[in-house]
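Undergrad: This structure is in structure tokens; I'll ask about it shortly.
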Amino acid sequence: MKNTDIVFVVPSAIPLLQEESIGTLILAKKLILSGYNVQIVRFWEIEGFKNQYKSFRENLISRILATSAELVSFYCRCTDYHICIDIADGLKLHAPNVLISFGGPQAELVAKETLTYYPFIDYICCSEGENTIVPFMEFIAGGHSALEAKTIPGLTFRNEHGIIIQNELPELLCDNYARNFDYYDIIPESVVKNSYRTSIDVGRGCPFGCSFCSTKTFWKQKFRLRDIKDMVDEIERVVNNYGITTFDFDHDLFTVNKKRVIEFCHEIEKRNLKIKWFCSSRIDTIDTEMIDLMVQSGMVKILFGIETGSPRMQRIINKNLNLQNCSEIVTYCVNRGVKVLASFIYGLPDDTEDDFEQTFRMIVSMRYSGAKIMLWLCGILNGTALYNNYKEKLILQDENIKNRSFFGYQETVNAIVKDHIDIFPQFCDFHNDLRFKLRFFELFYSVWMIAVPKTFHYIANFFVDKNIRFLDLYYKFCRVNSDILSSAKYSDNNIFWGIQSSQIKTAIRKLVDELVTNESSPFTEKEISALNKLLALELKKIQ
Ligand code: B12
Ligand code: SF4
């Protein structure tokens, strides 16, 4: 190829391997092997990133223009979609002849709407690109006529009459797919040098159908696990060439096929690879035999999406986990020395207080079994059943854009969100009494279970014994601390939401005082003294 170049723009926030976009690296390398000139521009490379949006935007546009590329491809996730759109707009203004394409998990889910709303975006590349990236580049290099565009699977484009055409999606890679190339040579050397862990593509697609999940839609619920030998070859190469021995497996559900997971573990052991690895799983696709082998072959961390402790809600969100097995599996992993991340969603549309009480109790019991809890306020994503049911009820608040996006509140960029909330549901809220009441739940969790875990454990055990609702403890916390909570602001790197440690201590103290001094307090004098002792010790440790 002579002059045609492509620039991939990726929203990697930190110069570390685990932030690299593997999909982009694979596509970039494929193009290089086919003779194209490729550059990858990462957000973190650009001055102004994260703190000065306007100069970041200008600098990024200048950086892209300096490459004189014919095609600029943005990797799009929901959280930065408005940013990608805003930058594409500025880019087209500076260089009307540059072609702009969007790819990645968010772009496909709103492909038609995106081309309808934004004339400056030329193409959306849907689905996985391994088999379409080279034909797409050939098409661009050959003069990009709409007639040829029809032949590229997964492409969404405007034809010569301006009508938006969506080609059929490409056939997805087969199960057991292999890759006969390495892409580490196109990652900046400093990124590789400074990283001790990396992500690795081990397969794609989850066969389940949870109502809140958009990855199952993007990967078409087609489960694939990479060829075992090919995967372990890659791991071995990375260990030998770069000295990196910790791997995050990029798969929504690594453990679907027991036989092949076992095969993988044996292969790692056979080659005597001393690695540490992390994967995502479901409680009902794993058993103790698998866990033993996984631990032997280096698994040190595992994520279980449990979402809700209510069997009723398990059915409603179509997760359908048998909750009886949850604590057993989590405890087994913890006892084997594995770090367990147990993920829960709160503020789900159909959650009742009874449902949430069950979730709350499960969170507490898992936390004290040794799992690390991940809490997510239910967000609504395109491509989900939840979106289909709630799209008419979405409400946008500036505060939400701020909380959930890379750059905080930006007047101009947020106008993009406000104009078309149908493609930005993740920034929206919906009316729901319980969800509103639970708006301080993450803060409560951090304050109690992280800052004073022993005190909380004491109270929790007491509540279980006396059959008192955990939720009432949370409500009480909110009531006695309404002054502090009203000033709480979400802050990215502060688990306490911008509240000062002196306020945290006061908030904790106030609740305990309320619990023990109240006339109807269920605690005896002896229990109060034990509780105060514990609390005093833990409060001392808060800086
Ligand atoms: C690893 C990972 C990360 C890594 C690195 C991500 C990265 N730079 O790629 C880290 C940990 C940094 C990360 C962060 C986040 N992530 Co993430 N992440 C993933 C994960 C698990 C794997 C991504 C991956 O490598 N997939 C495998 C590769 C091969 O696929 P791919 O990247 O999609 O690329 C293929 C296609 O998209 C396509 N393609 C892409 N570009 C192009 C371009 C062209 C021209 C063509 C033809 C094709 C094409 O072809 C590629 C090859 O097949 C996915 C889940 C998943 N299973 O995909 C979530 C996922 C992408 N993440 C997601 C989210 C929401 C986030 C966060 C916003 C989470 C959060 N709330 O903080 C943050 C972002 C942080 C921020 N502040 O913005 C969501 C996105 C949802 C959406 N609708 O957009 C996903 C889908 C998970 C989910 N919850 O559903 N993430
Ligand atoms: S949430 Fe997990 S189990 Fe459910 S569909 Fe998504 S990836 Fe699959």
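Labels for the structure tokens follow display order: chains A, B, ..., residues from 1 in each chain, ligands from 1.
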Please identify every polymer residue within 7 Å of ligand 1, using only C-alpha atoms and all ligand atoms, and present the set as a PyMOL selection string.
TA: chain A and resi 10-12+18-24+26-27+73-80+101-106+125-130+132-133+136+199+201+204-205+213-215+250-252+381-382+405-406
Undergrad: Contacts between ligand 2 and chain A, please, where a residue of chain A counts if it comes within 7 Å (with only C-alpha atoms and all ligand atoms); show its shortest atom pair and distance in Å to one decimal, rows by chain and ascending number, as CSV.
TA:
residue,atom,partner,partner_atom_place_in_ligand_line,distance
A:Cys206,CA,ligand 2,8 (Fe),4.6
A:Pro207,CA,ligand 2,8 (Fe),6.3
A:Phe208,CA,ligand 2,5 (S),4.4
A:Gly209,CA,ligand 2,5 (S),4.3
A:Cys210,CA,ligand 2,4 (Fe),4.3
A:Cys213,CA,ligand 2,6 (Fe),4.6
A:Ser214,CA,ligand 2,6 (Fe),6.7
A:Thr215,CA,ligand 2,6 (Fe),5.9
A:Lys216,CA,ligand 2,5 (S),5.0
A:Asp252,CA,ligand 2,7 (S),4.8
A:Leu253,CA,ligand 2,7 (S),6.1
A:Arg282,CA,ligand 2,3 (S),6.5
A:Gly305,CA,ligand 2,2 (Fe),6.5
A:Lys319,CA,ligand 2,4 (Fe),6.0
Undergrad: Please return as a PyMOL selection string: the residues of region 384-530 of chain A that backbone DSSP assigns to helix (DSSP H, G or I).
TA: chain A and resi 385-393+398-404+411-419+421-423+425-427+433-451+453-466+470-480+482-486+501-517+525-530
Undergrad: Using C-alpha atoms, can you write the selected residues to a file as a JSON list (two decimals), in the first residue's frame?
TA:
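Ended up saving to result.json:
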[["chain", "number", "residue", "atom", "x", "y", "z"],
["A", 385, "ALA", "CA", -33.38, -6.13, 27.79],
["A", 386, "LEU", "CA", -33.21, -3.53, 30.54],
["A", 387, "TYR", "CA", -32.71, -0.80, 27.94],
["A", 388, "ASN", "CA", -35.66, -2.03, 25.89],
["A", 389, "ASN", "CA", -37.89, -1.88, 28.96],
["A", 390, "TYR", "CA", -36.65, 1.46, 30.28],
["A", 391, "LYS", "CA", -35.75, 3.52, 27.23],
["A", 392, "GLU", "CA", -38.88, 5.68, 27.60],
["A", 393, "LYS", "CA", -38.24, 6.33, 31.28],
["A", 398, "ASP", "CA", -25.66, 16.54, 34.88],
["A", 399, "GLU", "CA", -24.34, 14.92, 38.00],
["A", 400, "ASN", "CA", -24.61, 11.50, 36.34],
["A", 401, "ILE", "CA", -22.53, 12.55, 33.36],
["A", 402, "LYS", "CA", -19.93, 13.77, 35.76],
["A", 403, "ASN", "CA", -19.90, 10.63, 37.85],
["A", 404, "ARG", "CA", -19.73, 8.13, 35.08],
["A", 411, "GLU", "CA", -20.52, 21.75, 29.10],
["A", 412, "THR", "CA", -19.95, 21.21, 25.36],
["A", 413, "VAL", "CA", -19.46, 17.47, 25.41],
["A", 414, "ASN", "CA", -22.41, 16.92, 27.67],
["A", 415, "ALA", "CA", -24.66, 18.71, 25.22],
["A", 416, "ILE", "CA", -23.96, 15.71, 22.98],
["A", 417, "VAL", "CA", -25.33, 13.39, 25.64],
["A", 418, "LYS", "CA", -28.37, 15.57, 26.31],
["A", 419, "ASP", "CA", -29.33, 15.73, 22.63],
["A", 421, "ILE", "CA", -29.94, 10.10, 25.36],
["A", 422, "ASP", "CA", -31.03, 7.00, 23.42],
["A", 423, "ILE", "CA", -27.37, 6.27, 22.67],
["A", 425, "PRO", "CA", -28.45, 5.46, 28.52],
["A", 426, "GLN", "CA", -25.49, 4.69, 30.78],
["A", 427, "PHE", "CA", -25.51, 8.36, 31.85],
["A", 433, "ASP", "CA", -37.90, 5.00, 45.29],
["A", 434, "LEU", "CA", -35.56, 2.33, 46.61],
["A", 435, "ARG", "CA", -32.80, 3.25, 44.17],
["A", 436, "PHE", "CA", -33.04, 6.84, 45.39],
["A", 437, "LYS", "CA", -32.88, 5.75, 49.02],
["A", 438, "LEU", "CA", -29.84, 3.61, 48.26],
["A", 439, "ARG", "CA", -27.86, 6.48, 46.74],
["A", 440, "PHE", "CA", -25.49, 6.48, 49.73],
["A", 441, "PHE", "CA", -25.16, 2.72, 49.92],
["A", 442, "GLU", "CA", -21.65, 2.55, 48.45],
["A", 443, "LEU", "CA", -20.54, 5.22, 50.88],
["A", 444, "PHE", "CA", -22.15, 3.35, 53.75],
["A", 445, "TYR", "CA", -20.40, 0.18, 52.63],
["A", 446, "SER", "CA", -17.02, 1.89, 52.48],
["A", 447, "VAL", "CA", -17.46, 3.65, 55.79],
["A", 448, "TRP", "CA", -18.58, 0.58, 57.67],
["A", 449, "MET", "CA", -17.26, -2.55, 56.09],
["A", 450, "ILE", "CA", -13.92, -1.14, 54.98],
["A", 451, "ALA", "CA", -13.15, 1.47, 57.64],
["A", 453, "PRO", "CA", -14.98, -3.91, 59.70],
["A", 454, "LYS", "CA", -14.81, -5.46, 63.14],
["A", 455, "THR", "CA", -17.35, -3.09, 64.62],
["A", 456, "PHE", "CA", -19.65, -3.70, 61.68],
["A", 457, "HIS", "CA", -19.21, -7.45, 62.00],
["A", 458, "TYR", "CA", -20.21, -7.23, 65.63],
["A", 459, "ILE", "CA", -23.35, -5.25, 64.79],
["A", 460, "ALA", "CA", -24.18, -7.49, 61.81],
["A", 461, "ASN", "CA", -23.99, -10.67, 63.89],
["A", 462, "PHE", "CA", -26.17, -9.04, 66.49],
["A", 463, "PHE", "CA", -28.74, -8.05, 63.85],
["A", 464, "VAL", "CA", -28.79, -11.58, 62.43],
["A", 465, "ASP", "CA", -29.31, -13.07, 65.92],
["A", 466, "LYS", "CA", -32.12, -10.67, 66.74],
["A", 470, "PHE", "CA", -29.76, -4.61, 57.85],
["A", 471, "LEU", "CA", -31.54, -2.09, 55.68],
["A", 472, "ASP", "CA", -32.82, -0.32, 58.79],
["A", 473, "LEU", "CA", -29.24, 0.16, 59.92],
["A", 474, "TYR", "CA", -28.47, 1.83, 56.60],
["A", 475, "TYR", "CA", -31.57, 4.04, 56.85],
["A", 476, "LYS", "CA", -30.62, 5.02, 60.37],
["A", 477, "PHE", "CA", -27.11, 5.88, 59.17],
["A", 478, "CYS", "CA", -28.57, 8.17, 56.52],
["A", 479, "ARG", "CA", -31.00, 9.79, 58.95],
["A", 480, "VAL", "CA", -28.51, 10.64, 61.68],
["A", 482, "SER", "CA", -28.09, 13.76, 56.75],
["A", 483, "ASP", "CA", -25.90, 16.89, 57.19],
["A", 484, "ILE", "CA", -22.68, 15.07, 56.25],
["A", 485, "LEU", "CA", -24.26, 13.08, 53.44],
["A", 486, "SER", "CA", -25.76, 16.13, 51.78],
["A", 501, "SER", "CA", -11.84, 11.41, 57.60],
["A", 502, "SER", "CA", -12.99, 13.50, 60.57],
["A", 503, "GLN", "CA", -16.50, 13.43, 59.11],
["A", 504, "ILE", "CA", -16.28, 9.67, 58.62],
["A", 505, "LYS", "CA", -15.42, 9.21, 62.26],
["A", 506, "THR", "CA", -18.29, 11.46, 63.27],
["A", 507, "ALA", "CA", -20.70, 9.59, 60.97],
["A", 508, "ILE", "CA", -19.75, 6.25, 62.48],
["A", 509, "ARG", "CA", -19.87, 7.53, 66.02],
["A", 510, "LYS", "CA", -23.29, 9.09, 65.48],
["A", 511, "LEU", "CA", -24.79, 5.84, 64.27],
["A", 512, "VAL", "CA", -23.36, 3.79, 67.09],
["A", 513, "ASP", "CA", -24.58, 6.38, 69.61],
["A", 514, "GLU", "CA", -28.01, 6.20, 68.05],
["A", 515, "LEU", "CA", -27.97, 2.41, 68.29],
["A", 516, "VAL", "CA", -26.89, 2.22, 71.89],
["A", 517, "THR", "CA", -28.36, 5.28, 73.58],
["A", 525, "GLU", "CA", -24.83, -2.85, 78.84],
["A", 526, "LYS", "CA", -22.19, -5.55, 78.30],
["A", 527, "GLU", "CA", -22.71, -5.53, 74.56],
["A", 528, "ILE", "CA", -22.52, -1.75, 74.45],
["A", 529, "SER", "CA", -19.24, -1.80, 76.27],
["A", 530, "ALA", "CA", -17.79, -4.44, 73.91]]
Undergrad: Excluding region 41-53 of chain A and residues on its chain fewer than 6 positions from it, collect all residues at most 8 Å away from it, counting only C-alpha atoms, and give them as a PDB file with C-alpha atoms, in the first residue's frame.
TA:
ATOM      1  CA  VAL A   7      -4.772   5.704  12.958  1.00  0.00           C
ATOM      2  CA  PHE A   8      -6.480   3.794  15.753  1.00  0.00           C
ATOM      3  CA  VAL A   9      -7.540   6.013  18.653  1.00  0.00           C
ATOM      4  CA  VAL A  10      -7.963   4.141  21.927  1.00  0.00           C
ATOM      5  CA  PRO A  11      -9.171   5.397  25.329  1.00  0.00           C
ATOM      6  CA  SER A  12      -6.356   3.778  27.343  1.00  0.00           C
ATOM      7  CA  ALA A  13      -5.988   5.865  30.472  1.00  0.00           C
ATOM      8  CA  ILE A  14      -2.654   4.679  31.892  1.00  0.00           C
ATOM      9  CA  PRO A  15       0.590   3.589  30.194  1.00  0.00           C
ATOM     10  CA  ASN A  59      -3.814  18.173  21.138  1.00  0.00           C
ATOM     11  CA  LEU A  60      -5.375  14.869  20.159  1.00  0.00           C
ATOM     12  CA  ILE A  64      -4.001  12.616  14.542  1.00  0.00           C
ATOM     13  CA  PHE A 406     -13.750   9.996  31.984  1.00  0.00           C
ATOM     14  CA  PHE A 407     -13.507  13.781  31.982  1.00  0.00           C
ATOM     15  CA  GLN A 410     -17.826  19.355  30.271  1.00  0.00           C
TER      16      GLN A 410
END
Undergrad: For Ile306 (chain A), which residue out of A:Asn481, A:Asn320, A:Thr198, A:Ser190 is the nearest one, using only C-alpha atoms?
TA: A:Asn320
Undergrad: Can you list every residue in region 174-282 of chain A that DSSP puts in strand (DSSP E or B), as a JSON list (two decimals) with C-alpha atoms, in the first residue's frame?
TA:
[["chain", "number", "residue", "atom", "x", "y", "z"],
["A", 197, "ARG", "CA", 0.93, -7.82, 34.43],
["A", 198, "THR", "CA", -0.87, -7.97, 31.12],
["A", 199, "SER", "CA", -4.22, -8.89, 29.59],
["A", 200, "ILE", "CA", -4.57, -11.77, 27.22],
["A", 201, "ASP", "CA", -7.33, -12.71, 24.81],
["A", 203, "GLY", "CA", -11.70, -16.35, 24.04],
["A", 204, "ARG", "CA", -15.00, -14.55, 23.69],
["A", 224, "ARG", "CA", -15.38, -19.46, 22.19],
["A", 225, "LEU", "CA", -12.21, -20.51, 23.94],
["A", 246, "THR", "CA", 0.77, -12.18, 35.74],
["A", 247, "PHE", "CA", -2.12, -12.44, 33.29],
["A", 248, "ASP", "CA", -5.69, -11.07, 33.27],
["A", 249, "PHE", "CA", -7.82, -13.29, 31.07],
["A", 250, "ASP", "CA", -10.06, -11.15, 28.86],
["A", 276, "LYS", "CA", -0.37, -16.03, 38.16],
["A", 277, "TRP", "CA", -3.69, -15.49, 36.47],
["A", 278, "PHE", "CA", -7.14, -14.00, 36.95],
["A", 279, "CYS", "CA", -10.42, -14.87, 35.24],
["A", 280, "SER", "CA", -14.17, -14.23, 35.37],
["A", 281, "SER", "CA", -16.58, -17.01, 36.14]]
Undergrad: Interatomic distance between CA of Tyr118 (chain A) and CA of Tyr36 (chain A)?
TA: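 About the pair CA of Tyr118 (chain A) and CA of Tyr36 (chain A): they are 27.9 Å apart.
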Undergrad: Hey, can you check how far CA of Pro311 (chain A) sits from CA of Met294 (chain A)?
TA: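 Between CA of Pro311 (chain A) and CA of Met294 (chain A) the gap works out to 28.6 Å.
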Undergrad: With a distance cut-off of 9 Å and only C-alpha atoms, select the neighbouring residues of Leu115 (chain A), excluding the residue or stretch itself and same-chain residues fewer than 3 positions from it, and output the selection as a PyMOL selection string.
TA: chain A and resi 110-112+118-124+156-158+164
Undergrad: Select, from A:Ile40, A:Pro96, A:Ile32, A:Ala342, the residue with the minimum atom-to-atom distance to Met137 (chain A), counting only C-alpha atoms.
TA: A:Ile32
Undergrad: Using only C-alpha atoms, find the one residue out of A:Phe523, A:Tyr117, A:Tyr332, A:Phe223 that sits nearest to Leu173 (chain A).
TA: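 Of A:Phe523, A:Tyr117, A:Tyr332, A:Phe223, the one nearest Leu173 (chain A) is A:Phe223, counting only C-alpha atoms.
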Undergrad: Could you state the separation of CA of Gly142 (chain A) and CA of Asp89 (chain A) in Å, given to one decimal place?
TA: 24.6 Å
Undergrad: I'd like the contact shell of Ser62 (chain A) - 12 Å cut-off, only C-alpha atoms, skipping same-chain residues fewer than 6 positions apart - returned as a list of chain:residue names.
TA: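 Answer for this query is A:Val41, A:Ile46, A:Glu47, A:Ser55, A:Phe56, A:Ser68, A:Ala69, A:Ile87, A:Gly90, A:Leu91, A:Lys92, A:His94, A:Ala95.
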Undergrad: I need the chosen residues saved as a PDB file, in the first residue's frame, with N, CA and C atoms.
TA:
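selection.pdb, freshly written:
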ATOM      1  N   VAL A  41      -2.936   5.735  18.643  1.00  0.00           N
ATOM      2  CA  VAL A  41      -2.817   6.883  19.546  1.00  0.00           C
ATOM      3  C   VAL A  41      -3.622   6.578  20.800  1.00  0.00           C
ATOM      4  N   ILE A  46      -1.642  11.978  25.365  1.00  0.00           N
ATOM      5  CA  ILE A  46      -2.002  13.326  24.940  1.00  0.00           C
ATOM      6  C   ILE A  46      -2.019  14.286  26.125  1.00  0.00           C
ATOM      7  N   GLU A  47      -1.338  15.419  25.952  1.00  0.00           N
ATOM      8  CA  GLU A  47      -1.284  16.391  27.035  1.00  0.00           C
ATOM      9  C   GLU A  47      -2.675  16.944  27.339  1.00  0.00           C
ATOM     10  N   SER A  55      -7.888  21.409  25.922  1.00  0.00           N
ATOM     11  CA  SER A  55      -6.557  21.296  25.323  1.00  0.00           C
ATOM     12  C   SER A  55      -6.269  19.844  24.942  1.00  0.00           C
ATOM     13  N   PHE A  56      -6.790  18.898  25.707  1.00  0.00           N
ATOM     14  CA  PHE A  56      -6.657  17.479  25.332  1.00  0.00           C
ATOM     15  C   PHE A  56      -7.248  17.272  23.935  1.00  0.00           C
ATOM     16  N   SER A  68      -1.254  12.388   8.942  1.00  0.00           N
ATOM     17  CA  SER A  68      -1.848  12.474   7.599  1.00  0.00           C
ATOM     18  C   SER A  68      -2.505  11.169   7.163  1.00  0.00           C
ATOM     19  N   ALA A  69      -3.156  10.530   8.105  1.00  0.00           N
ATOM     20  CA  ALA A  69      -3.836   9.266   7.791  1.00  0.00           C
ATOM     21  C   ALA A  69      -5.105   9.516   6.995  1.00  0.00           C
ATOM     22  N   ILE A  87     -14.574  14.433  19.488  1.00  0.00           N
ATOM     23  CA  ILE A  87     -13.265  14.540  18.844  1.00  0.00           C
ATOM     24  C   ILE A  87     -13.399  14.304  17.336  1.00  0.00           C
ATOM     25  N   GLY A  90     -14.540  17.525  15.747  1.00  0.00           N
ATOM     26  CA  GLY A  90     -13.464  18.502  15.593  1.00  0.00           C
ATOM     27  C   GLY A  90     -12.492  18.104  14.497  1.00  0.00           C
ATOM     28  N   LEU A  91     -12.236  16.830  14.410  1.00  0.00           N
ATOM     29  CA  LEU A  91     -11.296  16.317  13.412  1.00  0.00           C
ATOM     30  C   LEU A  91     -11.823  16.580  11.990  1.00  0.00           C
ATOM     31  N   LYS A  92     -13.096  16.300  11.804  1.00  0.00           N
ATOM     32  CA  LYS A  92     -13.683  16.478  10.462  1.00  0.00           C
ATOM     33  C   LYS A  92     -13.689  17.955  10.068  1.00  0.00           C
ATOM     34  N   HIS A  94     -11.456  20.180  10.944  1.00  0.00           N
ATOM     35  CA  HIS A  94     -10.092  20.531  10.540  1.00  0.00           C
ATOM     36  C   HIS A  94      -9.723  19.879   9.218  1.00  0.00           C
ATOM     37  N   ALA A  95     -10.187  18.664   8.997  1.00  0.00           N
ATOM     38  CA  ALA A  95      -9.739  17.903   7.816  1.00  0.00           C
ATOM     39  C   ALA A  95     -10.928  17.153   7.207  1.00  0.00           C
TER      40      ALA A  95
END
